[in-house]
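First comes the structure, then the notes that go with it.
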There are 2 protein chains.
Amino acid sequence: MNSLHKLLVGLALVAVLGVAVADQVMAQSALQKVMQERGLTEKDVLAAAKTYTPTGGRDEYIVCSSGGQSGQVLFYGIPSMRILKYVAVFTPEPWQGYGFDDESKAVLKDGRIRGKDITYGDTHHPSFSETDGEYDGRFVFINDKANPRVAVIDLHDFETKQIVVNPFFKSDHGGCFVTPNTEYIMEASQYAAPLSEEFVPLEEFNDKYRGGLTYWKFDNEKGRIDPESTFTFELPPYSQDLSDAGKGPSYGWGFTNSFCSERYVGGIERGRPPFEAGCSSKDTDFMHVTNWKKAEELVKAGKVKKVNGSYLITMKQAIEEKLLFLIPEPKSPHGVDVTPDGKQIIVSGKLDSHAWVYNFAKIMKAIDDKNFEDVDAYGIPIIALDTALDRSVNVGLGPLHTQFDSEPGVCYTSIYVDSKVTKWNYRTGKVLDDIPIHYNVGHLMTMEGDSKTPDGKYLVALNKLSIDRFNPVGPLHPQNHQLIDISGNQMELLYDMPLPLGEPHYAAAIKADKLKPVVRYKSGWDSRADKRSPYKARAGRERVERNGNKVEVYGTLIRSHITPEIIEVFEGDTVSIHLTNLERAQDEVHGFAMYGQNVQLSIEPGKTASTTFVAEQTGVYPYYCTEFCSALHLEMQGYLLVQPKGYKAKGGDMQEGVKYTKADYETQVATNVATQEVINQVVGFITSHNYTDFPTVVALVEDATDQLGFADEAKAKSEAAAAKNDWQNAMLWANQWWQYQVKTADLGLRAKTHLEQNGAVKSK
Amino acid sequence: MNSLHKLLVGLALVAVLGVAVADQVMAQSALQKVMQERGLTEKDVLAAAKTYTPTGGRDEYIVCSSGGQSGQVLFYGIPSMRILKYVAVFTPEPWQGYGFDDESKAVLKDGRIRGKDITYGDTHHPSFSETDGEYDGRFVFINDKANPRVAVIDLHDFETKQIVVNPFFKSDHGGCFVTPNTEYIMEASQYAAPLSEEFVPLEEFNDKYRGGLTYWKFDNEKGRIDPESTFTFELPPYSQDLSDAGKGPSYGWGFTNSFCSERYVGGIERGRPPFEAGCSSKDTDFMHVTNWKKAEELVKAGKVKKVNGSYLITMKQAIEEKLLFLIPEPKSPHGVDVTPDGKQIIVSGKLDSHAWVYNFAKIMKAIDDKNFEDVDAYGIPIIALDTALDRSVNVGLGPLHTQFDSEPGVCYTSIYVDSKVTKWNYRTGKVLDDIPIHYNVGHLMTMEGDSKTPDGKYLVALNKLSIDRFNPVGPLHPQNHQLIDISGNQMELLYDMPLPLGEPHYAAAIKADKLKPVVRYKSGWDSRADKRSPYKARAGRERVERNGNKVEVYGTLIRSHITPEIIEVFEGDTVSIHLTNLERAQDEVHGFAMYGQNVQLSIEPGKTASTTFVAEQTGVYPYYCTEFCSALHLEMQGYLLVQPKGYKAKGGDMQEGVKYTKADYETQVATNVATQEVINQVVGFITSHNYTDFPTVVALVEDATDQLGFADEAKAKSEAAAAKNDWQNAMLWANQWWQYQVKTADLGLRAKTHLEQNGAVKSK
């Protein structure tokens, strides 16, 4: 629209509709100016409006995405595509104190491999806990492909609580997938290996290398995996890949695909064709069908033996007990996806152009009828492909993973080689739409797309190459998650989101209102063990205990000081510092870093966290709060003094840098009285308005009341010192009294602004 | 606008302007529907349009932000506020292989404190390298407050190249700040401590604890800090804080502020008022004025002695040589900011409500006139406040940091306690505007706001509390960076951006087009040392060398195999695996993870990276590529076999899982011939269009040509085997030939789609 047109429209509108519409036109004219300057199309503006989330706005869905080789998971919002948090899982992360405080070190210690610390993970497939097939917002589970482990993240505080190591595998790609009531978490091995730790030459691959599928028992009461009740299927040395759990009619069963059922071993350096040649030469691989419900009964009945301390269902037992079946599937498949109604299973092979729709009822019938085409080299019955199949649909080159729409029958498949997403109907086989993505999509996901009742609405394509999508940042590129609107008949690309850390493999999105995380811990809380810490300290009860060469510090943190501020130990002492954050206010986190000792803690309101180290070398080691918590944050400091063994203090006083007089004291008191008047005015404003209608303000007022209480304590100390003509301490405590006033004023002003900006009304 | 109004507008427009405008109205109606559904105002839509960046779009500015206690820095775009990359600096990060490959371990090793590995940092103030006072896009420098260190990040590949440890300090908050030609990087100590490693009791604080200011010499040729030519000012035991370097008329000088010039030592646990009380009781602290240009001359003239192996200018020498002066400044200041013209310096104190504007010419005059009001306890001359001051301006409660607009005299100050940003004129003292932020802003920044010619345009407020701004994610909240449009007279809030990891302290924004990062390395490149790696391997020249119990593997990576695929060593061997990525294609990164050995490398195109470990325990250790690089990515695998000492192979053949026949070979060849026809069609499409006009497509065609070359090699091997009736190898190499065809097709299809979507035209 050129400017003449704009003028005409404006005039026409004013003529027809009056001034209100003219304002509208003015706004539109500002919009068109921006569009022109930034080269935006109408479609771009629509996409912007569909994703932009104004200050204080909330996202409708929260995504949990694996962080790939970063060893973390991340959470972001849809539709805003803003990353809210990286949660540390397998890799130590200092901001969260993860792998730095003693409590989280204990979690990581459980993840050691053959006694060795592993300081990263290759996270792959996050899975939300489910109740009756619906995401319930309690937990997320994530696997580490490189070192076969599974971690439990509690969504009440977004912290990693547990890591378990697979007792049999040497890698796992196919995890985590939960059964409909989070009875079990499925984890399949990837690269075949001996199920023990022993060395076995590759020449014995077919005989002694094995795959497997572990059903980790989840204790829903305790919120932890129970390794004691966990069982594993021994499987052939195929490369087992992804899984999905049955639901509805297929409840009790699990489906796991595989590649390299050729059992090929490469060795390009010795003249053999590489793995990639030998692992993709057959036209089909095998889907493994496992009956976990019946297996559980066998375990409970004591019919399964433990190996390496864990239940192992051998292939022999699985075959005898009819727990395990194979069905051919198109070669090198990746996703295996049970439809929301649990009646069908969709598999697609990355070297194929079809999605294959299996029918669970047909599979059951074949099993009941013992209608098998053959057994594999290990005696496992094979159900013929056409016996089990409903249809195959040409969806494009390199289909990878399928997710579901809210509309029955409608699904979306990521197409790797063609770089697109295909929308199709798995009930009719009709292809409905496709949309190009940028580039080479791996997994995709729809909103609650793994659940019994997917929401549809949005789809995210997790693309592998971003190449030219973003400003360049060197040879290592971000990944690209593309948000696609799937609410209409045609898919519409809304947003490109770079991933700044790690290569996410899979993600899942939960309705945001299902998450109810806490903002503070119960006082003195060990968040990793989820219980009251034995090292909790209360205000005024801080102490240092020595037992031989072990020193235990029970300290506290509050705006803006650390108690104790001086810690004296001897060279060679083992020092444990336990710190409790006394704050109740939301977001009033304190950190704790110390020079030279590799100490960095994150201590959220209520938490108690600990650090233990050996004070190996004499010296002066400053420590301080690492979260900008208040105006006096930089002064929230202290010193660890590591004294030579046998050092005796000379007993001198501190050298005061400044001496204060009665006049200094009186000046400070006058300031404090004036400050109190300002505070009173702010308090007057707040209490004269309907502030109790604003939860944010109520929290601020609570916090401010606490701070004023502290001010009173400091005031009392100041007056006591003044009564003794101790002007040094009188002045210093008077200043401390003022510091609490400043903290009060800070809160009060924030409360007042909030009321002003949010239409509070004066009380009658 | 209600629906009647909308209808009327539509009709009016159609009447006046015809159908084109009706389309416009349709689009606007879709927009209004979205606005209504999502509760967006006109202002929101305008902000959305000002920030939304469509797929493939570029940001105008790139921000480098500290990552706080995460120990990293991050880069994000403005106005899109999308995070592009976390770059690992002080904390190991596996996605980047940082702290995992031998090359980056060497960088981290240089950052050890007293021989101890420190696996995190508390990054504070990033600073871009400058030429003639302008950001030049070559390097970023970042400090670690907790363990006083400075790191150099090269922007040609966004990798950390160097870490240096301060030879004197025990903490540093005030770094990094560069001089106008990156001659030096300023780093000030924070918490006073002995300048040596010895233990000194706090009772000797005033006499033996010291602060300091290091001018790290930067070698602009080598792109590395030169510790040999670096010098440090010994300073009083005040808590030195931030610095800024003079420019223009003040070139050659540096300015460093401080708090706790009271030299107060707390000890709340022993009844003393805490640090926060004693460190904020005086009304003023001291700005330190240092003459680095003259100091450099003294160093060059051999007049400065080395202590701990590094030049130390004692207070005595600095006073005698007139290198160091003090000026009172409002208490507990944070930012000290030299105006773009270098004529004034703005300081603001967090416990004050004024910004103080100092005049450099007045400071020089006072020095020339020896017009000092006093000396401090260490004999350093003090220039009286009013002698040096132009004005003080009431900008709000708790001013913290000031940045500059493109309009001369206009600046922006972050106001911590009042939670707002104030726009004012430091030449006239006039307050121009303010805008509330959410909440408690620390630093702020404007575009190129530290340079000689700030761009203005946008401002980012780095807020400390996000509280209610985002969907909740537990007790530890993201920080909030708010983007503000400062192009008009009034500031306008555009965007709230959560920070998912760490607490950034400071950030700087550079014009995006100044950055020209590479997309690949020269072949066989050690990116950390920035030279050809001695461990480079070429295709076909891979090898394993044993020397005693040391095994060196010289391997390569290419879609989709690792050479070697089998590595055999003995228990107890020290194994070094050196891997060169043979790819030239942009974004074709390969990773390398191995079970149980804590191995995870990131090997971008051209790079050679190494891992060294002791194979302590016998067993089978799968390894694989951790970047989804191709359709056969999962098959990009291998095995490390750790054999018992003295193990002798039994010499059997591999157990082939599948035996192939002549018929299998012929079927595969038929597939390959058909595939080649598809490829030829795609090639025909590409070459019949003006593809050379599209650099993306040219790169894809190059890569595809490489892949087809590899296909030819595999084809030749296949045919050679067939000629010998070796159908097993004939079939496998035929399949490898097909795998390269698939890779070619993948690239070709991406190229074809790009041409179709970007208006390529058929050549004549």
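Quick note on naming: the chains in the structure tokens go A, B, ... in the order shown, residues restart at 1 in each chain, and ligands are numbered from 1 in order of appearance.
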message: I'd like to know which residues of stretch 252-426 of chain B are strand (DSSP E) (by DSSP, run on the backbone); could you write them as a PyMOL selection string?
response: chain B and resi 253-259+284-291+306-307+310-313+324-330+333-338+344-349+354-359+374-375+381-382+389-394+399-404+410-415+420-425
task: Quick one: everything within 8 Å of stretch 389-403 of chain A, counting only C-alpha atoms, minus sequence neighbours fewer than 3 positions away in the same chain. Send it as an MDAnalysis selection string.
output: (chainID A and resid 333:337 346:359 362 385:386 411:418 422 424 429:431 442:446 449:450) or (chainID B and resid 631)
- prompt: Skipping near chain neighbours, those fewer than 3 positions away, what residues fall within 7 Å of B:Cys629 using only C-alpha atoms, listed as a PyMOL selection string?
  reply: chain B and resi 559+588-590+633
Keeping only N, CA and C atoms, take the residues you just selected and write them out as an mmCIF file, in the first residue's frame.
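What follows is the written file selection.cif:
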```cif
data_model
loop_
_atom_site.group_PDB
_atom_site.id
_atom_site.type_symbol
_atom_site.label_atom_id
_atom_site.label_comp_id
_atom_site.auth_asym_id
_atom_site.auth_seq_id
_atom_site.Cartn_x
_atom_site.Cartn_y
_atom_site.Cartn_z
ATOM 1 N N ARG B 559 30.938 -38.294 6.598
ATOM 2 C CA ARG B 559 29.644 -38.946 6.463
ATOM 3 C C ARG B 559 29.785 -40.309 5.824
ATOM 4 N N GLU B 588 28.756 -29.402 8.770
ATOM 5 C CA GLU B 588 28.911 -30.864 8.795
ATOM 6 C C GLU B 588 29.877 -31.252 9.927
ATOM 7 N N VAL B 589 29.416 -30.983 11.124
ATOM 8 C CA VAL B 589 30.195 -31.287 12.313
ATOM 9 C C VAL B 589 30.035 -32.767 12.635
ATOM 10 N N HIS B 590 31.103 -33.409 13.086
ATOM 11 C CA HIS B 590 30.983 -34.743 13.664
ATOM 12 C C HIS B 590 31.399 -34.684 15.123
ATOM 13 N N HIS B 633 23.760 -41.633 10.147
ATOM 14 C CA HIS B 633 24.469 -41.150 11.335
ATOM 15 C C HIS B 633 24.562 -42.200 12.436
#
```
At most 12 Å is the cut-off: for each residue in stretch 438-484 of chain B with any atom that close to an atom of stretch 686-698 of chain A, write down the nearest atom pair and the distance in Å rounded to one decimal, counting only C-alpha atoms, chain first then increasing number, as CSV.
```
residue,atom,partner,partner_atom,distance
B:Ser466,CA,A:Thr696,CA,11.9
B:Ile467,CA,A:Thr696,CA,8.8
B:Asp468,CA,A:Thr696,CA,7.7
B:Arg469,CA,A:Thr696,CA,11.1
```
Mind writing the picked residues with C-alpha atoms as a CSV table (one decimal), in the first residue's frame?
```
chain,number,residue,atom,x,y,z
B,466,SER,CA,12.3,-11.9,36.9
B,467,ILE,CA,9.8,-13.2,39.5
B,468,ASP,CA,6.5,-13.0,37.7
B,469,ARG,CA,7.7,-12.4,34.1
```
message: Give me the residues near A:Ser229 as a ChimeraX atom specification, where near means some atom within 8 Å (using only C-alpha atoms) and where sequence neighbours in that chain fewer than 6 positions away do not count.
response: /A:216-217,311
N, CA and C atoms of the current selection, written as a PDB file, in the first residue's frame:
```
ATOM      1  N   TRP A 216      12.725 -50.013  33.370  1.00  0.00           N
ATOM      2  CA  TRP A 216      13.053 -49.487  34.694  1.00  0.00           C
ATOM      3  C   TRP A 216      11.764 -49.285  35.484  1.00  0.00           C
ATOM      4  N   LYS A 217      11.678 -49.870  36.644  1.00  0.00           N
ATOM      5  CA  LYS A 217      10.488 -49.705  37.485  1.00  0.00           C
ATOM      6  C   LYS A 217      10.532 -48.316  38.115  1.00  0.00           C
ATOM      7  N   TYR A 311      17.351 -58.181  37.301  1.00  0.00           N
ATOM      8  CA  TYR A 311      16.575 -59.210  36.602  1.00  0.00           C
ATOM      9  C   TYR A 311      16.876 -59.199  35.113  1.00  0.00           C
TER      10      TYR A 311
END
```
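Atom CA of A:Tyr624 to atom CA of B:Ala106 spans 28.5 Å [interatomic distance, one decimal].
Atom pair atom CA of B:Gly278 / atom CA of A:Asn729: separated by 9.5 Å.
Among the residues of stretch 91-206 of chain A, backbone DSSP assigns alpha helix (DSSP H) to Asp102, Glu103, Ser104, Lys105, Ala106, Val107, Leu108, Lys109, Phe205 and Asn206 of chain A.
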message: I'd like the neighbourhood of stretch 107-115 of chain B as number ranges by chain, where a residue qualifies if any of its atoms comes within 9 Å (using only C-alpha atoms), though same-chain residues fewer than 5 positions away should be ignored.
response: A: 595-597, 617; B: 89-92, 98-99, 147-151, 160-165, 197, 528-529
message: So, with only C-alpha atoms as the atoms that count, which of A:Ala388, A:Val87, A:Val338, A:Ile382 lies closest to chain B?
response: A:Val87
